[in-house]
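Chemist: Next up is a structure, given as structure tokens.
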Amino acid sequence: MIEVRDLQVRYGTRVVARVPELDVGAGECVAIVGESGSGKSTTLLSLLGLTEGADVSGHVSVCGVEVLQASPQQLRRIRGARVALVLQSPQAALSPTTRLGTLMRRALELHGITGPRGGGPETGGPETGGSAGSRKERSWKGRASKGGLERVMVEAVEAVMLDPEILRRYPHEISGGQAQRFAIALAIALGAEVILADEPTSALDVTVQAEVVGVLHGLREERGLALLIVSHDLALVSTIADRVLVMKDGEVVESGPAADVLTRPSHPYTRELLEALP
Ligand SMILES: Nc1ncnc2c1ncn2[C@@H]1O[C@H](COP(=O)(O)OP(=O)(O)OP(=O)(O)O)[C@@H](O)[C@H]1O
């Protein structure tokens with residue numbers, strides 16, 4: 001799903017991220033950890049071509065799209081629909097006067113999704129374009145069908161353990177943890193195959209963090225989503241990641257299976273991060 005080789009991101013003469021190798025397959029979770037300013041977010045954003053003003057070189061393939069060579073149109077096609085970006089405080093990005101259901105419906109319509117594919121009588125019919133193959137089970141593009149759209153929305157919020165009643169609420173009527181799960185539900189409704197999450201739980205208290213991590217964990221197991229998580233929280237990472245990349249000053253100083261990196265770190269910086277854990 002994600003394949004990165006010799007990625008280098010530079011602002012002016014300053015290299016802010018250099019990643020020799022990063023792979024995330026379907027159903028896998030990889031975490032990038034490191035202190036503030038180490039280049040984690042820059043790496044994540046470069047996967048969607050969102051590092052405006054930067055010189056980016058190397059090889060970056062996401063869902064089969066060569067990101068560094070892609071046209072704006074090709075990038076628009078993968079952003080949101082196939083690759084979802086989940087940020088720290090999604091509530092800030094939600095219009096305060098729009099109900100969550102309306103917001104989700106608009107996002108789906110914008111991406112041409114109008115009902116579930118290949119289901120019951122109210123389903124939307126054949127896929128209208130773009131991708132095939134791995135998306136088969138999750139593709140909801142098709143003809144307009146109000147009932148079909150509602151079904152996609154309800155299924156998506158239920159998949160993140162939210163009550164569908166939440167679709168009638170306004171953003172200020174939900175908690176931070178609910179907002180984060182709603183953001184993930186939106187990704188599911190859009191049929192995302194990859195979730196890029198930047199500090200997805202750092203604005204939440206510990207119990208709610210565990211709920212969000214549980215949801216992400218379930219999605220990769222049940223739906224085969226590929227997850228790339230950026231976090232400075234090693235405790236979170238240890239509960240969800242298969243592999244870990246440790247970044248410092250724009251460089252990957254250590255990488256490997258999470259169990260090895262987090263229990264037998266070979267780099268002094270990783271040991272420092274682990275020792276700083278409460
Ligand atoms: N648009 C930009 N122009 C110039 N420098 C930038 C730009 N965006 C990021 N940087 C620099 O790149 C470096 C890496 O930033 P980045 O946000 O990737 O770090 P991070 O590890 O994600 O930190 P944090 O955890 O605080 O988000 C920082 O020194 C930052 O100042």
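How things are named: the first chain in the structure tokens is A, the next is B, and so on; residues count from 1 in each chain; ligands count from 1 in the order shown.
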Identify, on the basis of only C-alpha atoms, every residue whose closest approach to segment 45-49 of chain A does not exceed 9 Å; exclude the query and any residue fewer than 6 positions from it along the same chain; express the result as a VMD selection string.
Modeler: chain A and resid 2 4 7 9 56 60 to 62 67 to 68 70 75 78 to 79 83 85 196
Chemist: Please return as a list in words the residues found within 7 Å of ligand 1, counting only C-alpha atoms and all ligand atoms.
Modeler: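 Residues lying within 7 Å of ligand 1: Tyr11, Val16, Ala17, Gly34, Glu35, Ser36, Gly37, Ser38, Gly39, Lys40, Ser41, Thr42, Thr43, Thr51, Glu52, Gly53, His232 and Gly250 of chain A.
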Chemist: Go through A:Asp233, A:Leu162, A:Arg106, A:His267 one by one, measure the shortest atom-to-atom distance of each to Val252 of chain A using only C-alpha atoms, and give the residue with the smallest value.
Modeler: A:His267
Chemist: Which is closer to Ala276 of chain A than all the others in A:Leu234, A:Leu94, A:Ile240, A:Val253, using only C-alpha atoms?
Modeler: A:Leu234
Chemist: Calculate how many Å separate atom CA of Val30 of chain A from atom CA of Arg5 of chain A, rounding to one decimal.
Modeler: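 Distance reported for this atom pair: 15.4 Å.
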Chemist: Might you pull out every residue within 12 Å of Glu158 of chain A, with only C-alpha atoms counted and same-chain residues fewer than 4 positions away left off, and present them as a list in words?
Modeler: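 Using only C-alpha atoms, the neighbours found are Arg151, Val152, Met153, Val154, Leu162, Asp163, Pro164, Glu165, Ile166, Leu167, Gln178, Arg181, Phe182, Ile184, Ala185, Leu186, Ile188, Ala189, Val215 and Leu219 of chain A.
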Chemist: May I have all residues of segment 2-250 of chain A that DSSP, computed from the backbone, assigns to strand (DSSP E), given as an MDAnalysis selection string?
Modeler: chainID A and resid 2:11 14:24 29:33 55:62 65:66 83:86 194:198 226:231 243:248
Chemist: Output as a VMD selection string all residues of segment 1-212 of chain A that backbone DSSP marks as alpha helix (DSSP H).
Modeler: chain A and resid 40 to 46 72 to 78 100 to 110 146 to 159 176 to 189 206 to 212
Chemist: Determine the nearest neighbour of Asp55 of chain A from the options A:Gln74, A:Glu272, A:Arg10, A:Val24, counting only C-alpha atoms.
Modeler: A:Arg10
Chemist: When you draw a straight line from atom CA of Glu275 of chain A to atom CA of Glu28 of chain A, how long is it in Å?
Modeler: 26.7 Å
Chemist: Pick out the closest residue to Glu211 of chain A from this set: A:Val15, A:Ile195, A:Thr239, A:Val33. Count only C-alpha atoms.
Modeler: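 Counting only C-alpha atoms, the residue closest to Glu211 of chain A is A:Thr239.
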Chemist: Kindly indicate which residue among A:Asp249, A:Glu193, A:Glu254, A:Asp242 lies nearest to Arg14 of chain A, using only C-alpha atoms for the distances.
Modeler: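 Smallest distance to Arg14 of chain A is found for A:Asp249.
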Chemist: State, in Å with one decimal place, the distance from atom CA of Gly25 of chain A to atom CA of Ala179 of chain A.
Modeler: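 A separation of 26.8 Å between them.
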Chemist: I'd like the contact shell of Asp205 of chain A - 12 Å cut-off, only C-alpha atoms, skipping same-chain residues fewer than 6 positions apart - returned as a PyMOL selection string.
Modeler: chain A and resi 175-177+211-212
Chemist: Name the residues in contact with Arg99 of chain A at a cut-off of 8 Å, using only C-alpha atoms, excluding same-chain residues fewer than 5 positions from it; report them as a list in words.
Modeler: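 The neighbour list is Leu167, Arg168, Arg169, Tyr170 and Pro171 of chain A.
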Chemist: Since we have the selection now, will you write its residues out, keeping C-alpha atoms, as a PDB file, in the first residue's frame?
Modeler:
```pdb
ATOM      1  CA  LEU A 167     -25.093  11.744  12.788  1.00  0.00           C
ATOM      2  CA  ARG A 168     -27.840  14.118  13.984  1.00  0.00           C
ATOM      3  CA  ARG A 169     -25.489  16.024  16.292  1.00  0.00           C
ATOM      4  CA  TYR A 170     -23.412  19.151  15.761  1.00  0.00           C
ATOM      5  CA  PRO A 171     -19.616  19.061  16.257  1.00  0.00           C
TER       6      PRO A 171
END
```
Chemist: Could you give me, as a PyMOL selection string, the residues within 8 Å of Ile32 of chain A, counting only C-alpha atoms and dropping anything in the same chain fewer than 3 positions from it?
Modeler: chain A and resi 40+228-231+244-247
Chemist: For the residues selected in the previous step, produce a file with N, CA and C atoms as a short mmCIF file (atom, residue, chain, number, x, y, z; two decimals), in the first residue's frame.
Modeler:
```cif
data_model
loop_
_atom_site.label_atom_id
_atom_site.label_comp_id
_atom_site.auth_asym_id
_atom_site.auth_seq_id
_atom_site.Cartn_x
_atom_site.Cartn_y
_atom_site.Cartn_z
N LYS A 40 8.67 13.82 11.50
CA LYS A 40 7.61 12.80 11.39
C LYS A 40 6.46 13.28 10.51
N LEU A 228 -0.47 4.07 9.01
CA LEU A 228 0.82 4.69 9.31
C LEU A 228 0.54 5.76 10.35
N ILE A 229 1.10 5.57 11.52
CA ILE A 229 0.81 6.48 12.64
C ILE A 229 2.06 7.24 13.04
N VAL A 230 1.90 8.54 13.19
CA VAL A 230 2.97 9.38 13.69
C VAL A 230 2.65 9.68 15.15
N SER A 231 3.61 9.46 16.03
CA SER A 231 3.31 9.70 17.44
C SER A 231 4.60 9.92 18.22
N VAL A 244 8.36 -0.08 13.76
CA VAL A 244 8.57 1.29 14.24
C VAL A 244 9.78 1.89 13.54
N LEU A 245 9.65 3.16 13.18
CA LEU A 245 10.79 3.95 12.69
C LEU A 245 11.02 5.03 13.71
N VAL A 246 12.24 5.18 14.16
CA VAL A 246 12.55 6.24 15.12
C VAL A 246 13.29 7.35 14.37
N MET A 247 12.76 8.58 14.46
CA MET A 247 13.39 9.70 13.76
C MET A 247 13.99 10.71 14.73
#
```
Chemist: If we count only C-alpha atoms and set the cut-off at 7 Å, which residues sit around Asp6 of chain A, ignoring sequence neighbours fewer than 2 positions away in its own chain? Please answer as a count of residues only.
Modeler: 7
